[in-house]
Each structure stands twice: as C-alpha cells, then as structure tokens.
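work_29.csv (CSV, C-alpha atoms and all ligand atoms)
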chain,number,residue,atom,x,y,z
A,1,MET,CA,19.4,15.3,-4.9
A,2,PRO,CA,17.1,12.4,-4.0
A,3,HIS,CA,14.7,12.7,-1.0
A,4,ILE,CA,14.1,9.4,0.8
A,5,GLN,CA,10.5,9.5,2.2
A,6,LEU,CA,9.8,5.9,2.8
A,7,LEU,CA,12.2,3.0,3.6
A,8,VAL,CA,10.8,-0.5,3.1
A,9,VAL,CA,12.9,-3.0,5.0
A,10,GLN,CA,12.5,-6.8,4.6
A,11,PRO,CA,13.4,-8.4,7.9
A,12,THR,CA,12.8,-11.8,6.5
A,13,PRO,CA,11.4,-13.0,3.2
A,14,PHE,CA,9.6,-15.8,5.0
A,15,CYS,CA,5.8,-15.8,5.5
A,16,ASN,CA,4.0,-18.2,7.8
A,17,ILE,CA,1.0,-18.4,5.4
A,18,ASP,CA,0.7,-18.7,1.6
A,19,CYS,CA,-1.9,-16.5,0.0
A,20,ARG,CA,-3.1,-17.5,-3.4
A,21,TYR,CA,-2.3,-14.1,-4.9
A,22,CYS,CA,1.1,-13.5,-3.3
A,23,TYR,CA,3.8,-12.3,-5.6
A,24,LEU,CA,6.7,-12.7,-3.2
A,25,PRO,CA,9.0,-15.4,-4.8
A,26,GLU,CA,11.0,-16.1,-1.7
A,27,ARG,CA,8.2,-16.5,0.9
A,28,SER,CA,9.5,-20.0,2.0
A,29,ASN,CA,13.0,-18.7,2.6
A,30,LYS,CA,13.7,-18.4,6.4
A,31,ALA,CA,16.7,-16.1,6.1
A,32,VAL,CA,16.8,-13.2,8.6
A,33,ILE,CA,18.4,-9.8,8.2
A,34,SER,CA,21.5,-9.3,10.3
A,35,GLU,CA,22.1,-6.4,12.8
A,36,GLU,CA,25.1,-5.5,10.7
A,37,THR,CA,22.9,-5.0,7.6
A,38,ILE,CA,20.5,-2.9,9.6
A,39,ALA,CA,23.3,-0.8,11.0
A,40,ASN,CA,24.9,-0.3,7.5
A,41,LEU,CA,21.5,0.7,6.1
A,42,PHE,CA,20.6,3.3,8.7
A,43,SER,CA,24.1,4.8,9.1
A,44,GLN,CA,24.2,5.3,5.4
A,45,VAL,CA,20.7,6.7,5.1
A,46,PHE,CA,21.3,9.1,8.0
A,47,ALA,CA,24.6,10.2,6.5
A,48,SER,CA,23.3,10.5,2.9
A,49,GLY,CA,21.9,14.0,3.0
A,50,TRP,CA,18.8,12.5,1.3
A,51,LEU,CA,16.5,13.1,4.3
A,52,ARG,CA,14.4,16.1,5.1
A,53,GLY,CA,13.3,15.9,8.7
A,54,GLY,CA,11.3,12.7,8.8
A,55,LEU,CA,11.5,9.2,7.6
A,56,SER,CA,8.8,6.4,7.5
A,57,ILE,CA,10.1,2.8,7.8
A,58,VAL,CA,7.9,-0.1,6.9
A,59,TRP,CA,8.8,-3.6,8.0
A,60,HIS,CA,7.3,-5.7,5.2
A,61,ALA,CA,7.7,-8.1,2.2
A,62,GLY,CA,7.6,-11.3,4.2
A,63,GLU,CA,5.7,-11.6,7.4
A,64,PRO,CA,7.6,-9.3,9.8
A,65,MET,CA,6.1,-10.9,13.0
A,66,VAL,CA,7.6,-14.3,12.4
A,67,LEU,CA,10.6,-12.8,14.1
A,68,PRO,CA,10.5,-12.3,17.9
A,69,VAL,CA,9.5,-9.0,19.5
A,70,ASP,CA,13.0,-8.9,21.0
A,71,PHE,CA,14.5,-8.8,17.5
A,72,TYR,CA,12.7,-5.5,16.9
A,73,ARG,CA,13.4,-4.1,20.3
A,74,ARG,CA,17.1,-4.5,19.5
A,75,ALA,CA,16.7,-3.2,16.0
A,76,PHE,CA,14.8,-0.1,17.1
A,77,ARG,CA,17.4,0.6,19.8
A,78,LEU,CA,20.2,0.2,17.2
A,79,ILE,CA,18.5,2.5,14.7
A,80,ASP,CA,17.8,5.1,17.4
A,81,SER,CA,21.4,5.1,18.5
A,82,LEU,CA,22.4,6.0,14.9
A,83,ARG,CA,19.6,8.6,14.4
A,84,PRO,CA,20.6,12.3,14.1
A,85,PRO,CA,18.6,14.4,16.5
A,86,ASP,CA,16.9,16.4,13.7
A,87,VAL,CA,15.5,13.2,12.1
A,88,SER,CA,12.2,11.8,13.3
A,89,LEU,CA,11.2,8.2,12.6
A,90,THR,CA,7.9,6.5,12.2
A,91,HIS,CA,7.8,2.7,12.2
A,92,ALA,CA,5.0,0.7,10.5
A,93,PHE,CA,4.3,-3.1,10.3
A,94,GLN,CA,2.3,-4.6,7.5
A,95,THR,CA,1.2,-8.0,8.9
A,96,ASN,CA,-1.2,-10.8,8.3
A,97,GLY,CA,-2.2,-10.5,11.9
A,98,THR,CA,-2.1,-14.3,12.7
A,99,LEU,CA,0.7,-13.9,15.3
A,100,ILE,CA,-0.5,-10.9,17.3
A,101,ASP,CA,-0.4,-11.6,21.0
A,102,ASP,CA,-0.2,-9.4,24.1
A,103,ALA,CA,3.6,-9.0,23.9
A,104,TRP,CA,3.2,-7.6,20.3
A,105,CYS,CA,0.4,-5.3,21.4
A,106,ALA,CA,2.6,-3.9,24.2
A,107,PHE,CA,5.5,-3.4,21.8
A,108,PHE,CA,3.3,-1.6,19.2
A,109,ALA,CA,1.9,0.6,21.9
A,110,GLU,CA,5.3,1.4,23.5
A,111,GLU,CA,6.9,2.2,20.2
A,112,GLY,CA,4.0,4.0,18.5
A,113,VAL,CA,4.1,1.6,15.6
A,114,ASN,CA,1.6,2.0,12.8
A,115,VAL,CA,0.0,-1.4,12.3
A,116,GLY,CA,-1.7,-2.5,9.1
A,117,VAL,CA,-3.4,-5.8,9.2
A,118,SER,CA,-4.3,-7.7,6.0
A,119,VAL,CA,-7.8,-9.1,6.2
A,120,ASP,CA,-9.9,-9.6,3.1
A,121,GLY,CA,-13.4,-9.4,4.8
A,122,PRO,CA,-15.5,-12.0,6.6
A,123,LYS,CA,-14.4,-15.6,6.8
A,124,ARG,CA,-16.2,-16.6,3.7
A,125,LEU,CA,-14.3,-14.0,1.6
A,126,HIS,CA,-11.0,-13.9,3.5
A,127,ASP,CA,-10.4,-17.7,3.3
A,128,ILE,CA,-10.8,-17.8,-0.5
A,129,ASN,CA,-7.2,-16.5,-0.9
A,130,ARG,CA,-5.6,-16.1,2.4
A,131,ARG,CA,-4.6,-19.7,3.3
A,132,THR,CA,-1.8,-21.7,5.0
A,133,ARG,CA,0.5,-23.9,3.0
A,134,ALA,CA,-1.8,-26.8,3.8
A,135,GLY,CA,-4.6,-24.9,2.2
A,136,ARG,CA,-6.5,-24.0,5.3
A,137,GLY,CA,-8.1,-20.6,5.8
A,138,THR,CA,-6.4,-18.1,8.1
A,139,PHE,CA,-9.4,-16.0,9.1
A,140,ASP,CA,-9.8,-17.3,12.6
A,141,LYS,CA,-6.2,-16.4,13.5
A,142,THR,CA,-6.3,-13.0,11.8
A,143,ILE,CA,-9.5,-11.9,13.4
A,144,ALA,CA,-8.2,-13.1,16.8
A,145,GLY,CA,-5.2,-10.8,16.3
A,146,ILE,CA,-7.4,-7.9,15.3
A,147,ARG,CA,-9.6,-8.4,18.4
A,148,ARG,CA,-6.5,-8.5,20.5
A,149,LEU,CA,-5.3,-5.1,19.1
A,150,ARG,CA,-8.8,-3.7,19.8
A,151,ALA,CA,-8.8,-5.1,23.3
A,152,ARG,CA,-5.4,-3.5,24.0
A,153,ALA,CA,-6.5,-0.2,22.3
A,154,VAL,CA,-3.7,-0.4,19.8
A,155,PRO,CA,-4.5,1.8,16.8
A,156,PHE,CA,-4.5,-0.1,13.4
A,157,HIS,CA,-5.9,0.0,10.0
A,158,VAL,CA,-6.8,-2.9,7.7
A,159,ILE,CA,-5.9,-3.6,4.0
A,160,SER,CA,-8.4,-5.8,2.2
A,161,VAL,CA,-7.5,-7.2,-1.2
A,162,LEU,CA,-10.7,-7.2,-3.2
A,163,SER,CA,-11.5,-10.4,-5.1
A,164,ALA,CA,-14.2,-10.9,-7.7
A,165,GLU,CA,-16.3,-12.4,-4.8
A,166,SER,CA,-15.8,-9.4,-2.4
A,167,LEU,CA,-16.3,-6.8,-5.2
A,168,ALA,CA,-19.8,-8.3,-5.5
A,169,ALA,CA,-20.4,-8.1,-1.8
A,170,PRO,CA,-20.0,-4.4,-0.6
A,171,ARG,CA,-22.7,-4.8,2.1
A,172,GLU,CA,-21.2,-7.9,3.5
A,173,MET,CA,-17.8,-6.2,3.7
A,174,PHE,CA,-19.3,-3.1,5.3
A,175,ASP,CA,-21.2,-5.2,7.9
A,176,PHE,CA,-18.0,-7.1,8.7
A,177,TYR,CA,-15.9,-4.0,9.4
A,178,VAL,CA,-18.7,-2.5,11.5
A,179,SER,CA,-19.3,-5.7,13.5
A,180,GLU,CA,-15.6,-5.9,14.3
A,181,GLY,CA,-15.1,-2.2,15.1
A,182,ILE,CA,-12.7,-1.7,12.2
A,183,ASP,CA,-12.9,2.0,11.3
A,184,ARG,CA,-9.9,2.5,9.0
A,185,VAL,CA,-9.9,0.6,5.8
A,186,CYS,CA,-7.8,0.5,2.6
A,187,PHE,CA,-8.8,-1.5,-0.4
A,188,ASN,CA,-6.2,-3.1,-2.7
A,189,VAL,CA,-7.0,-5.0,-5.9
A,190,GLU,CA,-5.4,-8.3,-6.8
A,191,GLU,CA,-2.8,-7.2,-9.2
A,192,SER,CA,-0.7,-8.9,-11.9
A,193,GLU,CA,2.8,-8.6,-10.6
A,194,GLY,CA,5.9,-10.7,-11.5
A,195,ASP,CA,4.8,-14.2,-12.2
A,196,HIS,CA,1.4,-13.7,-10.6
A,197,VAL,CA,-1.4,-13.1,-13.1
A,198,SER,CA,-4.5,-11.6,-11.5
A,199,ARG,CA,-7.6,-13.7,-11.6
A,200,SER,CA,-9.7,-10.5,-11.0
A,201,PHE,CA,-8.1,-8.7,-14.0
A,202,ALA,CA,-9.2,-11.6,-16.2
A,203,GLN,CA,-12.9,-10.6,-15.5
A,204,GLY,CA,-14.3,-8.5,-18.3
A,205,ASP,CA,-16.3,-6.2,-16.1
A,206,ILE,CA,-13.7,-5.7,-13.3
A,207,GLU,CA,-13.5,-1.9,-13.7
A,208,ASP,CA,-17.2,-1.5,-13.4
A,209,ALA,CA,-17.4,-3.9,-10.5
A,210,TYR,CA,-14.8,-1.8,-8.7
A,211,TYR,CA,-16.7,1.4,-9.3
A,212,GLN,CA,-19.9,-0.1,-8.1
A,213,PHE,CA,-18.3,-1.6,-5.1
A,214,LEU,CA,-16.7,1.7,-4.0
A,215,ARG,CA,-20.0,3.6,-4.7
A,216,GLU,CA,-22.1,1.3,-2.6
A,217,PHE,CA,-19.5,1.2,0.2
A,218,TRP,CA,-19.4,5.0,0.2
A,219,ARG,CA,-23.2,5.1,0.3
A,220,LEU,CA,-23.3,2.7,3.3
A,221,ALA,CA,-20.6,4.6,5.1
A,222,ALA,CA,-22.2,8.0,4.6
A,223,ALA,CA,-25.5,6.5,6.0
A,224,ALA,CA,-23.6,5.4,9.2
A,225,PRO,CA,-21.7,8.5,10.3
A,226,GLY,CA,-18.9,7.8,12.8
A,227,LYS,CA,-18.4,4.2,11.8
A,228,PHE,CA,-15.4,4.9,9.6
A,229,SER,CA,-12.7,7.5,10.2
A,230,PHE,CA,-10.7,6.6,7.1
A,231,ILE,CA,-11.6,4.9,3.8
A,232,ARG,CA,-8.4,5.3,1.8
A,233,GLU,CA,-9.7,5.0,-1.7
A,234,ILE,CA,-12.5,7.5,-1.1
A,235,ASP,CA,-10.5,9.9,1.0
A,236,ASP,CA,-7.5,10.0,-1.3
A,237,ALA,CA,-9.6,10.5,-4.4
A,238,THR,CA,-11.5,13.2,-2.8
A,239,ARG,CA,-8.4,15.0,-1.6
A,240,LEU,CA,-6.8,14.8,-5.0
A,241,VAL,CA,-9.9,16.1,-6.8
A,242,LEU,CA,-10.3,19.0,-4.3
A,243,ARG,CA,-6.7,20.1,-4.0
A,244,PRO,CA,-5.8,23.6,-5.1
A,245,LYS,CA,-4.8,24.0,-8.8
A,246,GLU,CA,-1.3,25.0,-7.8
A,247,GLY,CA,-0.9,21.8,-5.7
A,248,VAL,CA,1.6,19.6,-7.5
A,249,PHE,CA,1.0,15.9,-7.3
A,250,PHE,CA,4.2,14.2,-6.2
A,251,ASN,CA,4.3,10.6,-7.3
A,252,GLN,CA,6.9,8.8,-5.0
A,253,LEU,CA,6.8,5.7,-7.2
A,254,VAL,CA,8.5,7.4,-10.1
A,255,GLU,CA,11.1,9.4,-8.2
A,256,PRO,CA,14.5,7.7,-7.6
A,257,PHE,CA,15.0,6.8,-4.0
A,258,ALA,CA,11.8,8.5,-2.7
A,259,ILE,CA,10.9,5.0,-1.8
A,260,THR,CA,14.0,3.0,-1.1
A,261,SER,CA,13.6,-0.8,-0.5
A,262,MET,CA,16.1,-3.2,1.0
A,263,ASP,CA,15.8,-7.0,1.2
A,264,TRP,CA,17.1,-9.1,4.1
A,265,ALA,CA,20.5,-9.5,2.4
A,266,GLY,CA,21.1,-5.8,2.0
A,267,ASN,CA,20.1,-5.5,-1.7
A,268,ILE,CA,18.8,-2.0,-2.5
A,269,ALA,CA,16.0,-1.1,-5.0
A,270,THR,CA,13.8,1.9,-5.6
A,271,PHE,CA,10.6,2.9,-7.4
A,272,SER,CA,7.8,0.4,-6.8
A,273,PRO,CA,8.7,-1.7,-3.7
A,274,GLU,CA,7.3,-4.8,-5.4
A,275,LEU,CA,10.2,-4.7,-7.9
A,276,LEU,CA,12.7,-6.0,-5.3
A,277,GLY,CA,12.7,-9.7,-5.7
A,278,LEU,CA,11.4,-9.8,-9.3
A,279,LYS,CA,13.6,-10.9,-12.2
A,280,ASN,CA,14.4,-8.7,-15.2
A,281,ALA,CA,17.8,-9.0,-17.1
A,282,ALA,CA,17.4,-5.5,-18.7
A,283,TYR,CA,17.5,-3.8,-15.3
A,284,ASP,CA,19.8,-6.2,-13.4
A,285,ASN,CA,16.8,-7.6,-11.5
A,286,PHE,CA,16.2,-4.1,-10.2
A,287,VAL,CA,19.0,-4.5,-7.7
A,288,LEU,CA,21.1,-1.3,-7.6
A,289,GLY,CA,23.7,-2.5,-5.2
A,290,ASN,CA,24.2,-4.0,-1.7
A,291,ILE,CA,24.3,-1.8,1.4
A,292,ASN,CA,27.0,-4.1,2.9
A,293,ARG,CA,29.4,-3.5,0.0
A,294,ASP,CA,28.3,-0.3,-1.7
A,295,ARG,CA,27.8,3.4,-0.9
A,296,LEU,CA,24.2,4.3,-1.0
A,297,THR,CA,25.0,7.7,-2.5
A,298,ASP,CA,26.8,6.0,-5.4
A,299,LEU,CA,23.8,4.0,-6.4
A,300,GLY,CA,22.2,6.8,-8.4
A,301,GLN,CA,24.9,6.4,-11.0
A,302,ARG,CA,24.4,2.7,-11.6
A,303,PRO,CA,23.5,1.8,-15.2
A,304,ALA,CA,20.4,-0.2,-14.1
A,305,LEU,CA,19.1,2.9,-12.2
A,306,ILE,CA,19.8,5.2,-15.1
A,307,ARG,CA,18.0,2.8,-17.5
A,308,MET,CA,15.0,2.5,-15.2
A,309,ARG,CA,14.9,6.2,-14.5
A,310,GLU,CA,14.9,7.0,-18.3
A,311,ASP,CA,12.2,4.4,-19.1
A,312,ILE,CA,10.0,5.3,-16.1
A,313,SER,CA,10.3,9.0,-17.0
A,314,ALA,CA,9.4,8.3,-20.6
A,315,GLY,CA,6.3,6.4,-19.4
A,316,VAL,CA,5.4,9.3,-17.1
A,317,GLU,CA,5.8,11.7,-20.1
A,318,LEU,CA,3.4,9.5,-22.2
A,319,CYS,CA,0.9,9.6,-19.4
A,320,ARG,CA,1.3,13.4,-19.1
A,321,GLN,CA,0.5,13.8,-22.9
A,322,ARG,CA,-2.3,11.2,-23.2
A,323,CYS,CA,-4.1,10.8,-19.9
A,324,GLU,CA,-6.7,13.2,-18.6
A,325,TYR,CA,-6.2,11.7,-15.1
A,326,PHE,CA,-2.5,12.7,-15.0
A,327,SER,CA,-3.1,15.5,-12.4
A,328,VAL,CA,-4.4,13.0,-9.9
A,329,CYS,CA,-2.0,10.2,-10.7
A,330,GLY,CA,1.3,11.5,-11.7
A,331,GLY,CA,2.1,8.7,-14.1
A,332,GLY,CA,1.1,5.6,-12.2
A,333,GLU,CA,2.8,2.5,-10.8
A,334,PRO,CA,6.0,1.4,-12.7
A,335,VAL,CA,5.6,-2.2,-11.5
A,336,ASN,CA,2.1,-2.5,-13.0
A,337,LYS,CA,3.1,-1.0,-16.3
A,338,LEU,CA,5.9,-3.5,-16.6
A,339,SER,CA,3.9,-6.5,-15.5
A,340,GLU,CA,0.8,-5.7,-17.6
A,341,ASN,CA,2.3,-3.9,-20.6
A,342,GLY,CA,5.7,-5.4,-20.7
A,343,THR,CA,7.5,-2.0,-20.5
A,344,PHE,CA,7.8,1.0,-18.2
A,345,VAL,CA,7.4,3.1,-21.4
A,346,SER,CA,3.7,2.8,-21.4
A,347,THR,CA,0.5,4.3,-20.0
A,348,GLU,CA,-2.7,2.6,-19.0
A,349,THR,CA,-3.0,-0.5,-17.1
A,350,THR,CA,-6.0,-2.4,-15.7
A,351,TYR,CA,-4.7,-1.4,-12.3
A,352,CYS,CA,-4.7,2.3,-13.0
A,353,ARG,CA,-8.0,2.3,-14.8
A,354,MET,CA,-9.5,0.8,-11.6
A,355,THR,CA,-7.7,2.5,-8.8
A,356,LYS,CA,-7.1,6.0,-10.4
A,357,MET,CA,-9.6,6.5,-13.2
A,358,ARG,CA,-12.7,4.8,-11.7
A,359,ALA,CA,-12.1,6.1,-8.2
A,360,THR,CA,-11.7,9.7,-9.6
A,361,ASP,CA,-14.8,9.2,-11.8
A,362,LEU,CA,-16.8,8.2,-8.7
A,363,VAL,CA,-15.9,11.4,-6.8
A,364,LEU,CA,-16.7,13.6,-9.9
A,365,ASP,CA,-19.9,11.7,-10.7
A,366,LEU,CA,-21.2,12.3,-7.2
A,367,ILE,CA,-20.3,16.0,-7.2
A,368,ASP,CA,-22.1,16.2,-10.5
A,369,LEU,CA,-25.1,14.4,-9.2
A,370,VAL,CA,-25.7,17.1,-6.6
A,371,GLY,CA,-25.3,19.8,-9.2
A,372,LYS,CA,-22.3,21.4,-7.7
A,373,ARG,CA,-18.9,22.4,-9.1
A,374,VAL,CA,-15.8,20.9,-7.6
A,375,GLY,CA,-14.7,24.1,-6.0
A,376,GLU,CA,-18.0,24.6,-4.2
A,377,LEU,CA,-17.7,21.6,-2.0
A,378,SER,CA,-15.6,20.9,1.1
A,379,GLU,CA,-13.9,17.6,1.7
A,380,ALA,CA,-16.4,16.9,4.6
A,381,GLU,CA,-19.3,17.6,2.3
A,382,ILE,CA,-18.0,15.3,-0.4
A,383,ARG,CA,-17.5,12.5,2.2
A,384,SER,CA,-21.1,12.8,3.1
A,385,LEU,CA,-22.3,12.6,-0.5
A,386,GLY,CA,-23.2,9.0,-0.4
A,387,VAL,CA,-26.7,9.7,0.9
A,388,ALA,CA,-26.8,12.9,2.9
A,389,PRO,CA,-28.4,15.8,1.0
A,390,LEU,CA,-26.2,18.8,0.9
A,391,ALA,CA,-27.5,22.3,1.8
A,392,GLY,CA,-29.1,23.6,-1.4
A,393,ALA,CA,-29.3,20.2,-3.0
A,394,SER,CA,-32.4,18.1,-3.0
A,395,ALA,CA,-32.6,14.8,-1.3
A,396,GLU,CA,-33.5,13.2,-4.6
A,397,ALA,CA,-30.3,14.6,-6.1
A,398,ALA,CA,-28.2,12.8,-3.5
A,399,LEU,CA,-30.2,9.6,-3.3
A,400,PRO,CA,-29.6,8.2,-6.8
A,401,VAL,CA,-26.3,7.0,-5.6
A,402,VAL,CA,-28.2,4.0,-4.3
B,501,LIG,S1,-4.2,6.9,-14.7
B,501,LIG,FE1,-2.9,5.4,-15.8
B,501,LIG,S2,-2.6,6.3,-17.8
B,501,LIG,FE2,-3.3,7.9,-16.5
B,501,LIG,S3,-1.5,9.0,-15.7
B,501,LIG,FE3,-2.1,7.3,-14.3
B,501,LIG,S4,-0.9,5.6,-14.9
B,501,LIG,FE4,-0.9,7.0,-16.6

As structure tokens, how would this structure be written, given the file I've shared?
Ligand code: SF4
Amino acid sequence: MPHIQLLVVQPTPFCNIDCRYCYLPERSNKAVISEETIANLFSQVFASGWLRGGLSIVWHAGEPMVLPVDFYRRAFRLIDSLRPPDVSLTHAFQTNGTLIDDAWCAFFAEEGVNVGVSVDGPKRLHDINRRTRAGRGTFDKTIAGIRRLRARAVPFHVISVLSAESLAAPREMFDFYVSEGIDRVCFNVEESEGDHVSRSFAQGDIEDAYYQFLREFWRLAAAAPGKFSFIREIDDATRLVLRPKEGVFFNQLVEPFAITSMDWAGNIATFSPELLGLKNAAYDNFVLGNINRDRLTDLGQRPALIRMREDISAGVELCRQRCEYFSVCGGGEPVNKLSENGTFVSTETTYCRMTKMRATDLVLDLIDLVGKRVGELSEAEIRSLGVAPLAGASAEAALPVV
C-alpha cells in the first residue's frame, strides 16, 4: 500500500516574477485552485488509508503568496475540518519572498508554517537570474521580505540556486548569509528540466566547481561556530555517510505516491514533483487522473503509473548494480534522468554527480584527511571538520581543507 509522506499542492501556477532558469511552463497563468478541489483532495487523502500519522503539505509550483492571506486561512480551516484526529499536518510555503508583509508574518507564526525563501545570494548574484518579466532584479524586494521575517521572529530557511557565478564566490555567499542573519541554508543547482537546459551544466568543470564551493563554504562555516544551524547539503551528506549499516535509505522520489502532487485544476502526479506540468506522450504527460473526477486510490492502476513505475524501478535497479553511491542515493531523481538522459531507465546524470557523488566525496575526503574511519566520528565532529582539529588529529591534518 502506498504511503503518502509529502503532498505538493499548487494553489496557482502564476508567479509574479520570471526567473531565467524557471522550468514551470504555466507561470503566466493566473488560474486559482477552487475550495472544492482542495476539499476533494484532502477528503480523499484522509480516507485513502495511505497516511501513517503525519503529512507534510507544501504550497508551491507557482508563487503561493500571490493569493491573499485570507485564501489560506479559509483553506487551512477547511483542511482541518476534514482532518482525522490521528493525523498531524505540517504546512510549508516555498516563496520568492517578494510579497512578505506583516500580515503574512502573522499568519506564518500563528499557523506554524515552515517558510522557505528563494534567494540566490547578494544582489550581484541574485539578480543575474531572479528577475521580473521586465527584466529587473528582484533582490531588493526579496531581502526586504527576509528582513521582515527576521524582525517578526518567524523561522525560515533559504534555498539558493547556485549559478556558475556563485559557485565561484563561496566567500561572498557566506558573508551575505552571515550579514543578513540567515542561518539555515539549502543549495540547489540549476538543473535541466523540461524545456529548460541548464547553463551551469554546460560548463565543463561544473562538478569540480560544486565540490570546491561546498568545501570552502564548509571551511568558512566551521571557522564561525554558531553562525549556521543547518547547511542542508553538508548535513544530509554527513548523516547519510554516518548512518548505521542497517539503516535503509528510503528514496521518496521513486516510490509511487510517497510524494503526491496536485496542480490547481486537480490533476494528480507522483514521483518527482517537477514532472507535473511537463509534457510526455509515453506517460500521459505524467497526469494519473483528476481529484475532482477520479478516486485517488484507483490511480495506482492507471497505465501511465504502471509504465512509470516499471521504468523508474528499472532505472533504480541499474543504479543499484552500477553505482557505488547507491547506498546514499537510492537511485536518484527520475525527472533528472528523463531530462538529461531521455529515459527513466538510466543511471548517472550531471545532477546526481554533483549533488550526490561530489557531496559524499567531500564528507569522505575530509574524514580521510584527519586519518579517521567513518565509524570513529560523530556527526558533530564531522561538521567541525572544516578547520577545527579533532582530538587526536593534528591541526595540520585538518587545515589542508583550505
Ligand atoms: S548517484 Fe546517480 S547513478 Fe548513483 S545511485 Fe544515485 S542516481 Fe544512480
């Protein structure tokens, strides 16, 4: 039986800005999800038997904050009225931050919403790609939103898409976060998805640039204890390398319905959320059905789902046989395999070489550098590897990270 862990809901496909690397094909469409569609989704999800205690909901895939706060107040009340008592919900917004005002801050705080703001670094770097339709940079509005969140003590993290320019500027990125009091950061890379072809991936040395960026960022963070509470790429790679042998890696992206996505019109998809909205005749454009017409629990039998599941599983099996990073990856991201290799039935992508292989290499290289075995180090010790000498290891052993 499927287990839904994450529900990605598109309240509107519209976005108020027009980033150069955006893959969302409908971002000028101002359609809005109806309350009936929200009710149909949640009543079916809650009745499906596919939940185990908790459910995370992300409002995303357009700019969610172009809709008014009252829209979400009504939606949250509606969802809560349908929620069985034994199911707990966590709401998250992924936003470009340009529309954050005091009313939004109050709403986020009242509802305990996890807020992720997309900011690509200081103005010079952010405005390269994150622009309005008229081509103007959006940094000033985004940073005003971030400062407002901080002033109202609303917890948030940032996601920064690394461009060729920012990969070459780890110190500038680090200084930016520290100067703005941003202590939880996630790095994404500009991917090739759908019709979007990554400019970064075209660079010959992109994998090495990513490795060097992460290494330098790690070194700087380790030299400034307390400035960062979470650096996703380093923390995740560390946790995966350190987990007990018997700890099975669960890859949500290759399990049917573990991540379930719905667009504003009620169309349902699964696996990588980015698939919803992309075109592909072989898989019925990745749409399994519509929540306003179909039963959620019937969608697992749809021919498109069966074809996707078979092909994605075959790709995972190839990864299991061929890739020495399988234990920390679980077979990768289907959308990247399809976009880069033309088929789910494949293994390596530029995306996985950067985000899985090079990030894992970095953790292993630093452990190696201090002359320890993986099992001899705690997570906290590994986090401090950037510069801090470990007990029993010489300062020189730790410093070559520079
Ligand atoms: S790192 Fe790449 S090749 Fe290896 S398991 Fe993951 S997706 Fe497959």

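Excluding region 31-45 of chain A and any residue on its chain fewer than 6 positions from it, the residues at most 9 Å away by all atoms listed in the file are Ile4, Val9, Gln10, Pro11, Thr12, Pro13, Phe14, Leu51, Leu67, Arg74, Ala75, Leu78, Ile79, Leu82, Arg83, Met262, Asp263, Trp264, Ala265, Gly266, Ile291, Asn292, Arg295, Leu296 and Thr297 of chain A.
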
*For region 148-154 of chain A, work out the shell of residues within 10 Å, counting only C-alpha atoms and skipping chain neighbours fewer than 3 positions away, then give it as a PyMOL selection string.*
chain A and resi 97+100-102+104-110+112-115+142-145+180-182

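One finds CA of Val117 (chain A) at 5.1 Å from CA of Thr95 (chain A).
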
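If all atoms listed in the file are the atoms counted, then among A:Ala222, A:Ile146, A:Leu7, A:Ala314 the closest residue to Ser118 (chain A) is A:Ile146.
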
*Could the residues that lie within 8 Å of ligand LIG 501 (chain B), counting all atoms listed in the file, be listed as a PyMOL selection string?*
chain A and resi 315-316+318-320+322-333+337+346-349+351-353+356-357

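Of note, CA of Gly49 (chain A) and CA of Asp284 (chain A) are spaced 26.1 Å apart.
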
*Could you check which of A:Phe249, A:Phe213, A:Phe286, A:Trp50 is closest to Asp236 (chain A), using only C-alpha atoms?*
A:Phe249

_Of the listed residues A:Val8, A:Ile312, A:Val345, A:Leu366, that which approaches Ala269 (chain A) most closely, counting only C-alpha atoms_ = A:Val8

*asked:* Would you compute the distance between CA of Lys123 (chain A) and CA of Ala92 (chain A)? Give it in Å to one decimal.
replied: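 Computed distance, CA of Lys123 (chain A) to CA of Ala92 (chain A), equals 25.6 Å.
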
Counting only C-alpha atoms, what is within 6 Å of Thr132 (chain A), bar same-chain residues fewer than 2 positions away, as a PDB file with C-alpha atoms, in the coordinates of the input?
ATOM      1  CA  ILE A  17       1.000 -18.400   5.400  1.00  0.00           C
ATOM      2  CA  ASP A  18       0.700 -18.700   1.600  1.00  0.00           C
ATOM      3  CA  ALA A 134      -1.800 -26.800   3.800  1.00  0.00           C
ATOM      4  CA  GLY A 135      -4.600 -24.900   2.200  1.00  0.00           C
ATOM      5  CA  ARG A 136      -6.500 -24.000   5.300  1.00  0.00           C
TER       6      ARG A 136
END

_Taking all atoms listed in the file into account, name the residue in A:Thr270, A:Ser28, A:Asn285, A:Thr90 that is nearest to Ile57 (chain A)._
A:Thr90

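You can rank A:Phe156, A:Phe257, A:Tyr21, A:Phe93 by their closest distance to Leu288 (chain A) using all atoms listed in the file, and at the top of that list sits A:Phe257.
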